[in-house]
Structure formats: structure tokens, C-alpha cells
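Engineer: Hey, dropping work24.cif in here, mmCIF, C-alpha atoms and all ligand atoms:
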```cif
data_work
loop_
_atom_site.label_atom_id
_atom_site.label_comp_id
_atom_site.auth_asym_id
_atom_site.auth_seq_id
_atom_site.Cartn_x
_atom_site.Cartn_y
_atom_site.Cartn_z
CA MET A 942 0.00 0.00 0.00
CA THR A 943 1.36 3.45 -0.92
CA LYS A 944 1.78 5.62 2.14
CA LYS A 945 0.55 9.19 2.04
CA TYR A 946 3.53 10.88 3.72
CA LYS A 947 7.28 10.43 3.33
CA VAL A 948 9.88 11.23 5.97
CA ALA A 949 13.54 10.79 5.03
CA LEU A 950 16.35 10.45 7.58
CA ARG A 951 20.12 10.26 7.30
CA ARG A 952 22.73 9.86 9.96
CA ALA A 953 25.43 12.53 10.42
CA SER A 954 28.13 12.29 13.07
CA SER A 955 28.99 16.00 13.22
CA TYR A 956 28.23 19.44 11.79
CA GLU A 957 31.20 19.22 9.44
CA LEU A 958 29.86 20.82 6.25
CA ASP A 959 30.67 18.02 3.78
CA GLU A 960 28.98 15.44 5.97
CA VAL A 961 25.90 17.60 6.56
CA TYR A 962 25.70 18.33 2.83
CA GLU A 963 25.79 14.63 1.97
CA ALA A 964 23.12 13.81 4.57
CA LEU A 965 20.85 16.65 3.52
CA ASN A 966 21.28 15.82 -0.15
CA PHE A 967 20.25 12.23 0.59
CA THR A 968 17.12 13.19 2.51
CA LEU A 969 15.97 15.72 -0.08
CA ASP A 970 16.67 13.35 -2.99
CA ALA A 971 14.45 10.84 -1.22
CA ILE A 972 11.56 13.31 -1.35
CA GLU A 973 10.20 13.53 -4.85
CA GLU A 974 10.34 16.97 -6.46
CA TRP A 975 11.21 18.70 -3.20
CA ILE A 976 11.52 22.01 -5.05
CA PRO A 977 9.35 22.09 -8.19
CA SER A 978 11.09 23.68 -11.19
CA ARG A 979 8.65 26.61 -11.28
CA PHE A 980 10.23 27.85 -8.03
CA LEU A 981 13.85 27.76 -9.24
CA PHE A 982 13.86 31.50 -10.01
CA GLU A 983 11.69 32.51 -7.06
CA LYS A 984 12.74 33.75 -3.64
CA LEU A 985 13.45 31.00 -1.15
CA LEU A 986 12.82 31.68 2.53
CA LEU A 987 14.63 29.45 5.02
CA LYS A 988 12.62 29.76 8.25
CA VAL A 989 15.15 28.78 10.89
CA ASN A 990 14.86 28.69 14.69
CA LEU A 991 16.62 31.74 16.18
CA LEU A 992 14.90 31.78 19.55
CA ALA A 993 17.66 33.73 21.27
CA PRO A 994 21.21 34.99 20.63
CA LYS A 995 22.95 31.75 21.64
CA ARG A 996 25.96 29.99 20.15
CA PRO A 997 25.15 26.98 17.90
CA GLU A 998 26.74 24.42 20.25
CA LEU A 999 24.09 25.18 22.91
CA ALA A 1000 21.47 23.54 20.62
CA VAL A 1001 18.94 26.34 21.13
CA THR A 1002 18.95 27.42 17.48
CA THR A 1003 19.19 25.82 14.04
CA HIS A 1004 22.85 25.04 13.35
CA PRO A 1005 24.42 27.27 10.64
CA SER A 1006 25.99 24.24 8.98
CA ILE A 1007 22.50 22.96 8.06
CA VAL A 1008 21.72 26.36 6.52
CA GLN A 1009 24.95 26.39 4.51
CA ALA A 1010 24.37 22.84 3.30
CA LEU A 1011 20.81 23.68 2.27
CA ILE A 1012 21.97 26.71 0.28
CA LYS A 1013 24.52 24.48 -1.49
CA VAL A 1014 21.94 21.77 -2.21
CA ALA A 1015 19.46 24.34 -3.56
CA ARG A 1016 22.09 25.80 -5.90
CA LYS A 1017 23.11 22.34 -7.07
CA LYS A 1018 19.47 21.65 -7.83
CA GLY A 1019 19.47 24.75 -10.05
CA HIS A 1020 17.85 27.33 -7.80
CA LEU A 1021 18.96 30.77 -9.01
CA GLY A 1022 16.77 33.12 -7.00
CA GLU A 1023 17.44 35.04 -3.81
CA ILE A 1024 17.69 33.06 -0.58
CA ALA A 1025 16.73 34.67 2.73
CA VAL A 1026 17.45 33.03 6.08
CA ALA A 1027 15.21 34.40 8.82
CA ASP A 1028 13.27 33.98 12.04
CA LEU A 1029 11.56 36.23 14.54
CA PRO A 1030 13.14 35.75 17.97
CA GLY A 1031 11.48 36.62 21.24
CA HIS A 1032 10.57 40.28 20.79
CA LEU A 1033 13.26 41.70 23.04
CA TYR A 1034 15.94 40.04 20.98
CA ALA A 1035 14.57 41.50 17.75
CA ASP A 1036 16.25 44.75 18.81
CA ARG A 1037 19.58 42.93 18.89
CA LYS A 1038 19.42 41.71 15.30
CA GLU A 1039 23.14 41.99 14.49
CA GLU A 1040 24.16 40.18 17.68
CA LEU A 1041 21.49 37.51 17.16
CA LEU A 1042 22.55 36.75 13.59
CA ARG A 1043 26.26 36.83 14.42
CA LEU A 1044 26.11 34.69 17.58
CA THR A 1045 23.85 32.05 16.05
CA GLY A 1046 26.22 31.78 13.08
CA MET A 1047 23.70 32.94 10.46
CA THR A 1048 25.79 35.94 9.35
CA GLY A 1049 28.68 33.61 8.57
CA ALA A 1050 26.45 30.91 7.05
CA VAL A 1051 25.17 33.12 4.22
CA GLU A 1052 28.65 34.31 3.27
CA ILE A 1053 29.07 31.25 1.04
CA ASP A 1054 26.55 32.65 -1.44
CA ASP A 1055 26.37 36.10 -3.07
CA ASN A 1056 22.59 35.98 -3.32
CA ALA A 1057 21.82 34.84 0.23
CA THR A 1058 21.05 37.07 3.22
CA ALA A 1059 20.27 36.61 6.90
CA THR A 1060 17.66 38.77 8.56
CA ILE A 1061 14.74 38.73 10.99
CA LEU A 1062 11.14 38.18 9.96
CA SER A 1063 9.91 41.51 11.28
CA ASP A 1064 11.98 43.29 8.61
CA GLY A 1065 9.40 44.10 5.97
CA GLY A 1066 6.56 44.47 8.45
CA PHE A 1067 3.53 42.38 9.29
CA VAL A 1068 0.17 41.45 7.80
CA VAL A 1069 -3.02 41.10 9.81
CA LEU A 1070 -5.04 38.03 8.86
CA ARG A 1071 -8.67 37.28 9.63
CA ARG A 1072 -9.24 33.51 9.75
CA ASP A 1073 -12.66 32.55 11.06
CA GLU A 1074 -11.82 28.87 10.63
CA ASN A 1075 -9.12 29.14 13.31
CA VAL A 1076 -9.86 27.79 16.78
CA VAL A 1077 -8.11 30.38 18.99
CA LEU A 1078 -6.49 33.10 16.87
CA LYS A 1079 -9.33 34.33 14.67
CA GLU A 1080 -7.20 37.38 14.01
CA LEU A 1081 -3.44 37.04 13.84
CA THR A 1082 -0.53 39.24 12.87
CA VAL A 1083 2.29 37.49 11.04
CA SER A 1084 5.48 38.40 9.22
CA LYS A 1085 4.74 39.78 5.74
CA ARG A 1086 8.02 38.44 4.44
CA TYR A 1087 7.07 34.93 5.56
CA PHE A 1088 3.43 35.11 4.50
CA GLU A 1089 4.25 36.32 1.00
CA ALA A 1090 7.31 34.12 0.37
CA PRO A 1091 6.80 32.00 -2.77
CA PHE A 1092 8.58 28.99 -1.24
CA VAL A 1093 9.31 28.39 2.44
CA ILE A 1094 11.66 25.77 3.84
CA ASN A 1095 11.07 25.32 7.55
CA ILE A 1096 14.41 24.35 9.17
CA ALA A 1097 13.57 23.49 12.76
CA LYS A 1098 15.66 22.29 15.68
CA LEU A 1099 14.60 19.19 17.62
CA LYS A 1100 14.11 20.24 21.24
CA THR A 1101 12.08 19.46 24.29
CA HIS A 1102 9.67 22.10 25.54
CA ALA A 1103 8.67 22.52 29.18
CA GLU A 1104 5.09 23.24 28.19
CA THR A 1105 4.37 21.58 24.83
CA GLU A 1106 6.86 18.69 25.40
CA ILE A 1107 8.27 18.87 21.86
CA THR A 1108 9.30 21.69 19.59
CA ALA A 1109 10.11 20.66 16.04
CA CYS A 1110 8.53 21.59 12.69
CA VAL A 1111 4.92 22.49 13.61
CA LYS A 1112 5.98 24.54 16.65
CA ASN A 1113 8.71 26.33 14.66
CA CYS A 1114 5.94 28.13 12.76
CA PHE A 1115 4.95 29.90 16.00
CA GLY A 1116 7.93 32.14 15.27
CA ILE A 1117 6.13 33.92 12.42
CA ALA A 1118 3.81 35.83 14.78
CA ASP A 1119 4.23 39.29 16.27
CA THR A 1120 4.51 39.75 20.03
CA SER A 1121 0.87 40.56 20.62
CA THR A 1122 -0.32 37.42 18.78
CA ARG A 1123 2.14 35.30 20.77
CA LYS A 1124 0.90 36.74 24.03
CA ARG A 1125 -2.71 36.01 23.09
CA ALA A 1126 -1.71 32.43 22.26
CA HIS A 1127 -0.26 32.05 25.77
CA PHE A 1128 -3.06 33.86 27.55
CA SER A 1129 -5.13 30.87 28.64
CA LEU A 1130 -4.49 28.33 31.39
CA SER A 1131 -5.40 25.54 29.01
CA ILE A 1132 -2.61 23.70 27.19
CA ASN A 1133 -5.16 22.83 24.49
CA GLN A 1134 -5.68 26.53 23.81
CA LEU A 1135 -1.96 27.07 23.32
CA CYS A 1136 -1.64 24.02 21.06
CA ASN A 1137 -4.62 25.13 18.98
CA ALA A 1138 -3.07 28.60 18.67
CA ILE A 1139 0.18 27.03 17.42
CA VAL A 1140 -1.78 25.06 14.81
CA ASP A 1141 -3.70 28.24 13.88
CA LEU A 1142 -0.36 29.92 13.14
CA TYR A 1143 0.94 26.92 11.22
CA LEU A 1144 -2.18 26.90 9.04
CA ALA A 1145 -1.85 30.61 8.25
CA ARG A 1146 0.89 29.69 5.78
CA PRO A 1147 2.20 26.09 5.90
CA PRO A 1148 5.79 25.69 4.65
CA GLU A 1149 6.40 23.82 1.40
CA LEU A 1150 9.23 21.73 2.86
CA ASN A 1151 10.45 20.85 6.34
CA VAL A 1152 13.95 19.96 7.52
CA LEU A 1153 14.81 19.00 11.09
CA ASP A 1154 18.22 19.56 12.63
CA ALA A 1155 18.60 16.62 15.01
CA ILE A 1156 22.36 16.13 14.86
CA TYR A 1157 22.47 17.72 18.30
CA ALA A 1158 18.99 18.00 19.83
CA MET A 1159 18.02 19.53 23.18
CA GLU A 1160 16.86 17.29 26.01
CA GLY A 1161 15.57 18.13 29.53
CA ASN A 1162 13.58 21.30 30.06
CA GLY A 1163 13.88 23.05 26.69
CA PRO A 1164 13.52 25.04 24.55
CA THR A 1165 16.20 27.38 25.96
CA HIS A 1166 17.66 25.89 29.13
CA GLY A 1167 17.82 22.18 28.37
CA HIS A 1168 21.01 20.32 27.47
CA PRO A 1169 22.52 19.48 24.07
CA ARG A 1170 22.20 15.80 23.27
CA PHE A 1171 23.85 14.03 20.33
CA VAL A 1172 21.24 12.27 18.21
CA GLY A 1173 23.03 12.26 14.85
CA LEU A 1174 20.12 12.70 12.44
CA ILE A 1175 18.98 15.03 9.69
CA MET A 1176 15.35 14.61 8.70
CA ALA A 1177 13.15 16.02 5.94
CA SER A 1178 9.54 15.83 4.78
CA LYS A 1179 7.02 17.86 2.85
CA ASN A 1180 4.64 17.46 5.78
CA ALA A 1181 5.57 19.06 9.11
CA LEU A 1182 3.34 16.83 11.23
CA ALA A 1183 4.62 13.62 9.61
CA LEU A 1184 8.14 14.77 10.40
CA ASP A 1185 7.19 15.62 14.00
CA PHE A 1186 5.61 12.17 14.41
CA VAL A 1187 8.93 10.57 13.51
CA ALA A 1188 10.83 13.11 15.64
CA ALA A 1189 8.68 12.12 18.63
CA LYS A 1190 9.69 8.52 18.02
CA VAL A 1191 13.34 9.62 18.01
CA MET A 1192 12.73 11.20 21.45
CA GLY A 1193 11.32 7.94 22.75
CA TYR A 1194 7.55 8.52 22.55
CA LYS A 1195 5.84 5.27 21.63
CA ASN A 1196 2.67 7.10 20.62
CA PRO A 1197 3.14 10.68 19.34
CA LEU A 1198 -0.57 11.30 19.87
CA ASN A 1199 0.16 11.41 23.61
CA ILE A 1200 1.78 14.79 22.95
CA PRO A 1201 -1.08 17.33 23.09
CA LEU A 1202 0.29 19.47 20.25
CA LEU A 1203 0.59 16.54 17.85
CA ASN A 1204 -2.76 15.14 18.98
CA ILE A 1205 -4.52 18.43 18.25
CA ALA A 1206 -2.65 18.92 14.97
CA ALA A 1207 -3.67 15.42 13.83
CA LYS A 1208 -7.31 16.02 14.81
CA ARG A 1209 -7.28 19.21 12.78
CA GLY A 1210 -6.10 17.27 9.74
CA ILE A 1211 -2.75 18.90 9.00
CA GLY A 1212 -1.03 15.53 8.58
CA PRO A 1213 -1.04 11.88 9.60
CA SER A 1214 -2.77 10.46 12.64
CA SER A 1215 -0.74 7.24 12.76
CA PHE A 1216 2.57 5.76 11.64
CA ASP A 1217 0.62 3.60 9.18
CA GLU A 1218 0.37 6.66 6.93
CA ILE A 1219 4.12 7.44 7.00
CA GLU A 1220 6.86 5.91 4.87
CA ILE A 1221 10.16 6.23 6.75
CA ILE A 1222 13.14 6.28 4.38
CA GLY A 1223 16.86 6.01 5.12
CA VAL A 1224 16.95 4.51 8.62
CA GLU A 1225 15.12 1.41 9.83
CA PRO A 1226 12.09 2.53 11.91
CA ASP A 1227 13.11 0.39 14.87
CA GLU A 1228 16.58 1.97 14.89
CA ILE A 1229 15.67 5.65 15.05
CA GLU A 1230 15.01 6.06 18.78
CA ALA A 1231 17.76 7.93 20.68
CA LYS A 1232 18.00 5.62 23.68
CA GLY A 1233 17.78 7.33 27.07
CA PHE A 1234 16.66 10.68 25.64
CA ILE A 1235 15.56 12.88 28.56
CA LYS A 1236 12.10 14.29 27.88
CA SER A 1237 10.83 17.53 29.40
CA SER A 1238 9.46 17.21 32.91
CA SER A 1239 6.09 18.47 31.74
CA SER A 1240 3.61 16.88 34.12
CA LEU A 1241 1.07 16.67 31.35
CA ARG A 1242 2.96 13.76 29.85
CA LEU A 1243 2.02 11.66 32.87
CA LEU A 1244 -1.71 12.07 32.35
CA PRO A 1245 -4.04 10.59 29.76
CA THR A 1246 -4.49 12.96 26.83
CA TRP A 1247 -8.19 13.59 27.57
CA LEU A 1248 -7.37 14.87 31.07
CA ARG A 1249 -4.70 17.34 30.11
CA GLY A 1250 -6.62 20.43 29.06
CA TRP A 1251 -8.35 21.21 32.34
CA THR A 1252 -5.76 19.80 34.76
CA HIS A 1253 -3.07 22.20 33.59
CA ARG A 1254 -3.70 24.67 36.44
CA TRP A 1255 -3.06 22.09 39.16
CA VAL A 1256 -0.28 19.96 37.76
CA ALA A 1257 1.64 22.29 35.45
CA LEU A 1258 5.19 23.34 36.16
CA SER A 1259 5.47 26.88 37.47
CA PRO A 1260 8.21 29.53 37.33
CA ARG A 1261 10.48 29.95 40.37
CA LEU A 1262 13.22 32.57 40.66
CA ARG A 1263 16.79 31.59 41.53
CA GLU A 1264 17.79 35.03 42.88
CA GLU A 1265 21.56 34.62 42.68
CA LYS A 1266 21.39 34.05 38.91
CA CYS A 1267 19.11 37.02 38.20
CA VAL A 1268 20.63 40.11 36.54
CA LYS A 1269 17.40 42.15 36.91
CA CYS A 1270 17.10 42.70 33.16
CA GLY A 1271 13.27 42.69 33.27
CA ILE A 1272 12.88 40.47 30.19
CA CYS A 1273 10.64 38.07 32.11
CA ALA A 1274 8.29 40.93 33.08
CA ASP A 1275 8.23 42.17 29.52
CA VAL A 1276 7.34 38.82 27.92
CA CYS A 1277 4.73 37.77 30.50
CA PRO A 1278 1.38 37.66 28.64
CA ARG A 1279 -0.58 38.21 31.89
CA LYS A 1280 1.55 41.06 33.29
CA ALA A 1281 2.00 38.84 36.33
CA ILE A 1282 5.62 39.89 36.97
CA ARG A 1283 6.60 43.16 38.67
CA MET A 1284 10.25 44.26 39.00
CA ASP A 1285 11.04 45.22 42.62
CA PRO A 1286 14.02 45.27 41.94
CA LEU A 1287 14.00 41.49 41.41
CA PRO A 1288 11.06 39.97 39.53
CA ARG A 1289 8.06 39.25 41.76
CA ILE A 1290 5.41 36.87 40.41
CA ASN A 1291 1.74 37.38 41.20
CA ARG A 1292 0.71 33.73 41.45
CA ALA A 1293 -3.00 34.52 41.14
CA MET A 1294 -2.38 36.05 37.71
CA CYS A 1295 0.16 33.51 36.45
CA VAL A 1296 -1.09 30.98 33.86
CA LYS A 1297 2.13 28.91 33.99
CA CYS A 1298 2.94 29.43 30.35
CA LEU A 1299 6.68 29.50 31.20
CA CYS A 1300 7.43 32.27 28.68
CA CYS A 1301 9.46 33.94 31.46
CA HIS A 1302 11.54 30.78 31.86
CA GLU A 1303 11.97 30.40 28.10
CA MET A 1304 13.20 33.95 27.52
CA CYS A 1305 15.29 34.48 30.68
CA PRO A 1306 18.86 34.96 29.41
CA THR A 1307 20.60 33.58 32.51
CA GLY A 1308 18.39 30.64 33.47
CA ALA A 1309 17.42 32.40 36.72
CA MET A 1310 13.72 31.78 36.12
CA GLU A 1311 13.62 28.05 36.68
CA VAL A 1312 10.74 25.59 36.45
CA HIS A 1313 9.34 24.12 39.61
CA GLU A 1314 7.36 20.90 40.07
CA ASN A 1315 4.52 21.05 42.57
CA MET A 1316 3.64 18.27 45.05
CA LEU A 1317 1.01 16.68 42.83
CA MET A 1318 3.51 16.57 40.00
CA LYS A 1319 6.08 14.88 42.25
CA PHE A 1320 3.43 12.41 43.40
CA LEU A 1321 2.54 11.56 39.80
CA ARG A 1322 6.18 10.88 39.10
CA MET A 1323 6.49 8.31 41.89
S1 LIG B 1 14.66 36.28 36.06
FE1 LIG B 1 15.85 36.27 34.18
S2 LIG B 1 14.65 37.52 32.76
FE2 LIG B 1 13.87 37.96 34.81
S3 LIG B 1 14.99 39.75 35.47
FE3 LIG B 1 16.11 37.96 36.24
S4 LIG B 1 17.64 37.50 34.66
FE4 LIG B 1 16.14 38.90 33.72
S1 LIG B 2 4.78 34.65 35.32
FE1 LIG B 2 5.81 33.44 33.72
S2 LIG B 2 4.65 31.53 33.67
FE2 LIG B 2 3.38 33.04 34.75
S3 LIG B 2 2.07 33.92 33.16
FE3 LIG B 2 3.88 35.23 33.35
S4 LIG B 2 5.31 34.46 31.80
FE4 LIG B 2 3.75 32.89 32.10
#
```
Since I need it in another form, could you write the structure as C-alpha cells?
Structural biologist:
Amino acid sequence: MTKKYKVALRRASSYELDEVYEALNFTLDAIEEWIPSRFLFEKLLLKVNLLAPKRPELAVTTHPSIVQALIKVARKKGHLGEIAVADLPGHLYADRKEELLRLTGMTGAVEIDDNATATILSDGGFVVLRRDENVVLKELTVSKRYFEAPFVINIAKLKTHAETEITACVKNCFGIADTSTRKRAHFSLSINQLCNAIVDLYLARPPELNVLDAIYAMEGNGPTHGHPRFVGLIMASKNALALDFVAAKVMGYKNPLNIPLLNIAAKRGIGPSSFDEIEIIGVEPDEIEAKGFIKSSSSLRLLPTWLRGWTHRWVALSPRLREEKCVKCGICADVCPRKAIRMDPLPRINRAMCVKCLCCHEMCPTGAMEVHENMLMKFLRM
């Protein structure tokens, strides 16, 4: 029986450019007509993950070697148009564009090609979309550059996420939204609301192709403060959810539908709802799991999927300040969607207002805003 979705994988032992190029070339060759010839003269947008100005070896951002290899593969395929490499980091980092692009290695990555540039997605402004078919974000403001790009390649990083458990290709599309849309997505206590908002953003303009950087992934409490973990894989697919299904298997999930984001995405029909629909190419399916991969400590993982939406308030991880690591920068207060943090002079959290979205943890530059497990969570772990 022909399977509806294809996901190609190739092992790579390092970020050495020749090896990454070979692996990427293999995965893209395995996907039929990954860039149709009518796009060879069009602009190509590589939507990377540039969450924060961090060095590539910390595994927070897409590695520049993947970007360089993709530019080389596209040129070999005959692509002649302009190539832009871009993301929209947490809004406070958007003001530090040069530092962000330099530290993450994107400035250097595009130097191999005269017609490639690195930038941030807010350059060029935003468009406001009205989408009544969306579940949470009926109105959303997204990057104009992304929305109008003729061909988008989504190059995500495989990471854990303290709230959504996994961040890979579907979640990477959250980075197209402006700050206000992101805050509205995080506004509710319900994890289902956040996951639906992520899918709303994905559906605003799905990428044509998806690549996942899983040579070094992030394990533990990602997406910013987890730990790099060697996995040794590059993955590609035309369908983001199919790729995330296989990525979940790499992380050790037996059933990806136990991850609320993938469950909701599957129910909304953006991709497969079981492995039966996915053809895995390049690595034997029973050999792709990264043994001993440390998942996020999201309590939600310990509950049946149907219980997760409304139990979030009682069992979710919450932010807790480690005072000695705090530099009083105020970023946590700025990103909080509920205005639950007041600087005095250290950040003080109003627990009654906090919805435990962990944006403050995610964007804290020093790791001072840690995640804390409550008693029920600890009990569930026993
Ligand atoms: S907790 Fe982190 S983000 Fe908040 S003020 Fe301290 S260092 Fe800055
Ligand atoms: S204090 Fe932190 S976890 Fe709570 S709502 Fe604000 S950003 Fe989210």
C-alpha cells in the first residue's frame, strides 16, 4: 500500500559541512520533487529557529551548517533566485538583530553565497489576517516576508519544551507571529488553547518543505535551558506533522498522539494520525530512537491525553526565581502575557495572575527563572 507521507532520515556524526551536505542531499533526494522547477527562479525563505542569541553548540537554534548545506543543495538543484534566512526571535531580541545573527552563526552561514542574506522576519513588516476557521487566533498578525514568500523551507531544531513537550517543525511556525499574537496564544491556562493557537499559526501559511536539525537536539527542560544531546540525524519531509511524528519517536515517545500538540494537529487534519500513513526512508524505523533521551518534565505527559486540558492549572510546572542568577534585566516581566511579573528590583510573580505558560523561563537569558514541580507533580512521578 502506498503511504501518504514520506519522511527521510540520514545519519550525520557532526556538523562538518561536507557530511551535513551529503546527509541533507540524501534526505531531499528521497523526497520527490522537493523544489518544483517553477520555483527555481523565485525567492526562497529558510525559516530557521533563532529563539535567542545563543551559540550553535548550545542547541537552542538551528545550526548554521544545516543552513549552509541547504543553500549548497538548492544551488546544485538549479535554484537561481534570492535566498533569505530568517526567524523572529522573542521580541526583546529582535532589537539585537546583528548580535542575534552573528552569535547564532547565520551571518557567517550566508557568506558562502552572493545571493543569500540573513535577517529577521519583522523586517518588511507584518500582515493582519482574519481567519474565522481558526480555533483560537481568529485574528493574527504574522510576518509579511514569511506570509508572501513564494517557497518556504522550515528548518527546525529538535528540542524538548517545558510546556508543549516537543518543539520541532509544527511549533517552529509559531515564530512567524508578532509579540501581541504570541501573548494572546499564551493567555489561557489551558494547554489545548496554546496548542490550537500554534496550529492556527501553522495553518496561516504552511511551509512547502520541512527539515529538522537533530544532529544535536536539546533534552531536559527546553527550549532554551535544556542540554545538548547528540542524536546524529537530519530529517526532511514535505509534511511538518509527519516529520514531527517521527521526531517524537526519536525522542522515545511510543505514541506521538500522547503529545497534546501533535494530537490536536492530527485532529485538525494537517497531517497523519498514525505511523501507518508514513513511509520512513533512510533509517530502519526500529533503529531511530535515541535511547535514554531525557524528555521535558512536563507533568502533562504523565496524564491521559483527555485529562490534560483542564488539569493544567493544578499539575503544570510553574516559574520559580533563583535570585543569585538574576541580573534584573526585566525580560521576564516584559514577555509575561498576563503582566504577572513586577520588577522590585528582582522579579516578583503574582501567582494569582500567572497561567504557567513559562514564557518567562523560556526567555530568561541567565536561566534564573527556573521551572518548579509542585507536590502533585512529584506524586505523579512516583
Ligand atoms: S529572572 Fe531572568 S529575565 Fe527575569 S529579570 Fe532575572 S535575569 Fe532577567
Ligand atoms: S509569570 Fe511566567 S509563567 Fe506566569 S504567566 Fe507570566 S510568563 Fe507565564
Engineer: As a quick test: using only C-alpha atoms and all ligand atoms, which residues lie no more than 7 Å away from ligand LIG 2 (chain B)? Give them as number ranges by chain.
Structural biologist: A: 1259-1260, 1273, 1276-1282, 1290, 1294-1302
Engineer: Report, in Å to a single decimal, how far apart atom CA of Ile1222 of chain A and atom CA of Ala971 of chain A are.
Structural biologist: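 Atom-to-atom, atom CA of Ala971 of chain A to atom CA of Ile1222 of chain A, that is 7.3 Å.
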Engineer: Report as a PyMOL selection string all protein, DNA and RNA residues lying within 10 Å of Glu1220 of chain A, evaluated on all atoms listed in the file, omitting residues in the same chain fewer than 6 positions from it.
Structural biologist: chain A and resi 943-949+1183+1226
Engineer: Draw an axis-aligned box tight on the listed atoms of ligand LIG 1 (chain B), then pad every side by 3 Å and write out centre and edge lengths in Å to one decimal as JSON.
Structural biologist:
```
{"center_x": 15.8, "center_y": 38.0, "center_z": 34.5, "size_x": 9.8, "size_y": 9.5, "size_z": 9.5}
```
Engineer: Once you count all atoms listed in the file, which residues end up within 6 Å of ligand LIG 1 (chain B), and could you hand them over as a count of residues only?
Structural biologist: 13
Engineer: Skipping near chain neighbours, those fewer than 2 positions away, what residues fall within 7 Å of segment 1017-1033 of chain A using only C-alpha atoms, listed as a list in words?
Structural biologist: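 With the cut-off at 7 Å, the set is Leu981, Phe982, Glu983, Lys984, Leu985, Leu986, Leu987, Lys988, Val989, Asn990, Leu991, Leu992, Ala993, Lys1013, Val1014, Ala1015, Ala1035, Asp1036, Asn1056, Ala1057, Thr1058, Ala1059, Thr1060, Ile1061, Leu1062, Ser1063, Gly1116, Ile1117 and Thr1120 of chain A.
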Engineer: Go ahead and save the residues from that selection, with C-alpha atoms, as an mmCIF file, in the coordinates of the input.
Structural biologist:
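Final file, selection-v6.cif:
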```cif
data_model
loop_
_atom_site.group_PDB
_atom_site.id
_atom_site.type_symbol
_atom_site.label_atom_id
_atom_site.label_comp_id
_atom_site.auth_asym_id
_atom_site.auth_seq_id
_atom_site.Cartn_x
_atom_site.Cartn_y
_atom_site.Cartn_z
ATOM 1 C CA LEU A 981 13.850 27.760 -9.240
ATOM 2 C CA PHE A 982 13.860 31.500 -10.010
ATOM 3 C CA GLU A 983 11.690 32.510 -7.060
ATOM 4 C CA LYS A 984 12.740 33.750 -3.640
ATOM 5 C CA LEU A 985 13.450 31.000 -1.150
ATOM 6 C CA LEU A 986 12.820 31.680 2.530
ATOM 7 C CA LEU A 987 14.630 29.450 5.020
ATOM 8 C CA LYS A 988 12.620 29.760 8.250
ATOM 9 C CA VAL A 989 15.150 28.780 10.890
ATOM 10 C CA ASN A 990 14.860 28.690 14.690
ATOM 11 C CA LEU A 991 16.620 31.740 16.180
ATOM 12 C CA LEU A 992 14.900 31.780 19.550
ATOM 13 C CA ALA A 993 17.660 33.730 21.270
ATOM 14 C CA LYS A 1013 24.520 24.480 -1.490
ATOM 15 C CA VAL A 1014 21.940 21.770 -2.210
ATOM 16 C CA ALA A 1015 19.460 24.340 -3.560
ATOM 17 C CA ALA A 1035 14.570 41.500 17.750
ATOM 18 C CA ASP A 1036 16.250 44.750 18.810
ATOM 19 C CA ASN A 1056 22.590 35.980 -3.320
ATOM 20 C CA ALA A 1057 21.820 34.840 0.230
ATOM 21 C CA THR A 1058 21.050 37.070 3.220
ATOM 22 C CA ALA A 1059 20.270 36.610 6.900
ATOM 23 C CA THR A 1060 17.660 38.770 8.560
ATOM 24 C CA ILE A 1061 14.740 38.730 10.990
ATOM 25 C CA LEU A 1062 11.140 38.180 9.960
ATOM 26 C CA SER A 1063 9.910 41.510 11.280
ATOM 27 C CA GLY A 1116 7.930 32.140 15.270
ATOM 28 C CA ILE A 1117 6.130 33.920 12.420
ATOM 29 C CA THR A 1120 4.510 39.750 20.030
#
```
Engineer: Pick out the residues sitting within 9 Å of Leu999 of chain A, and hand them over as a ChimeraX atom specification; count all atoms listed in the file, and ignore anything fewer than 6 positions along from it in its own chain.
Structural biologist: /A:1157,1159,1165-1169
Engineer: Around (1.1, 12.5, 8.9) in the file's frame, which residues reach within 7 Å when counting all atoms listed in the file? Return as a list in words?
Structural biologist: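 In the file's frame, the residues around the point are Tyr946, Asn1180, Leu1182, Ala1183, Gly1212, Pro1213, Ser1214, Ser1215, Glu1218 and Ile1219 of chain A.
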Engineer: Mind pulling up the distance from atom CA of Lys1098 of chain A to atom CA of Thr1002 of chain A?
Structural biologist: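 It comes out at 6.4 Å.
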Engineer: Looking at only C-alpha atoms, which of A:Glu1230, A:Glu1080, A:Asp970, A:Asp1119 is the one that sits closest to Asp1064 of chain A?
Structural biologist: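 Of A:Glu1230, A:Glu1080, A:Asp970, A:Asp1119, the one nearest Asp1064 of chain A is A:Asp1119, counting only C-alpha atoms.
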Engineer: A:Arg1037, A:Thr1122, A:Lys1112, A:Leu1153: which is nearest Leu1011 of chain A, counting only C-alpha atoms?
Structural biologist: A:Leu1153
Engineer: Find, counting all atoms listed in the file, the residue in A:Cys1110, A:Ala1050, A:Arg1071, A:Val1083 that gets nearest to Arg1123 of chain A.
Structural biologist: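 Looking only at the distances to Arg1123 of chain A, the closest residue turns out to be A:Val1083.
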Engineer: Write out, as CSV, each residue of segment 1113-1177 of chain A that has an atom at most 12 Å from segment 1189-1198 of chain A, together with the closest pair of atoms and their distance in Å to one decimal, counting only C-alpha atoms, rows going by chain and rising number.
Structural biologist:
```
residue,atom,partner,partner_atom,distance
A:Leu1153,CA,A:Val1191,CA,11.7
A:Ala1155,CA,A:Val1191,CA,9.3
A:Ile1156,CA,A:Val1191,CA,11.6
A:Ala1158,CA,A:Met1192,CA,9.4
A:Met1159,CA,A:Met1192,CA,10.0
A:Glu1160,CA,A:Met1192,CA,8.7
A:Gly1161,CA,A:Met1192,CA,11.0
A:Arg1170,CA,A:Met1192,CA,10.7
A:Phe1171,CA,A:Met1192,CA,11.5
A:Val1172,CA,A:Val1191,CA,8.3
A:Gly1173,CA,A:Val1191,CA,10.5
A:Leu1174,CA,A:Val1191,CA,9.3
A:Ile1175,CA,A:Val1191,CA,11.4
A:Met1176,CA,A:Val1191,CA,10.8
```
Engineer: Any idea what the distance is between atom CA of Glu1311 of chain A and atom CA of Leu1044 of chain A?
Structural biologist: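 Straight-line distance from atom CA of Glu1311 of chain A to atom CA of Leu1044 of chain A works out to 23.8 Å.
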Engineer: Considering all atoms listed in the file, can you say which of A:Cys1114, A:Ala1231, A:Leu1135, A:Ala1090 comes closest to Leu1078 of chain A?
Structural biologist: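 Closest to Leu1078 of chain A, using all atoms listed in the file: A:Leu1135.
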Engineer: Nearest to Ser1121 of chain A among A:Val1187, A:Ile1053, A:Val1069, A:Ile1200, with distances taken over only C-alpha atoms: which residue is it?
Structural biologist: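 Among the listed residues, the smallest separation from Ser1121 of chain A belongs to A:Val1069.
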Engineer: Which of these, A:Lys1038, A:His1004, A:Lys995, A:Arg1261, has the shortest distance to Val961 of chain A once you count only C-alpha atoms?
Structural biologist: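 Distance minimum relative to Val961 of chain A lands on A:His1004.
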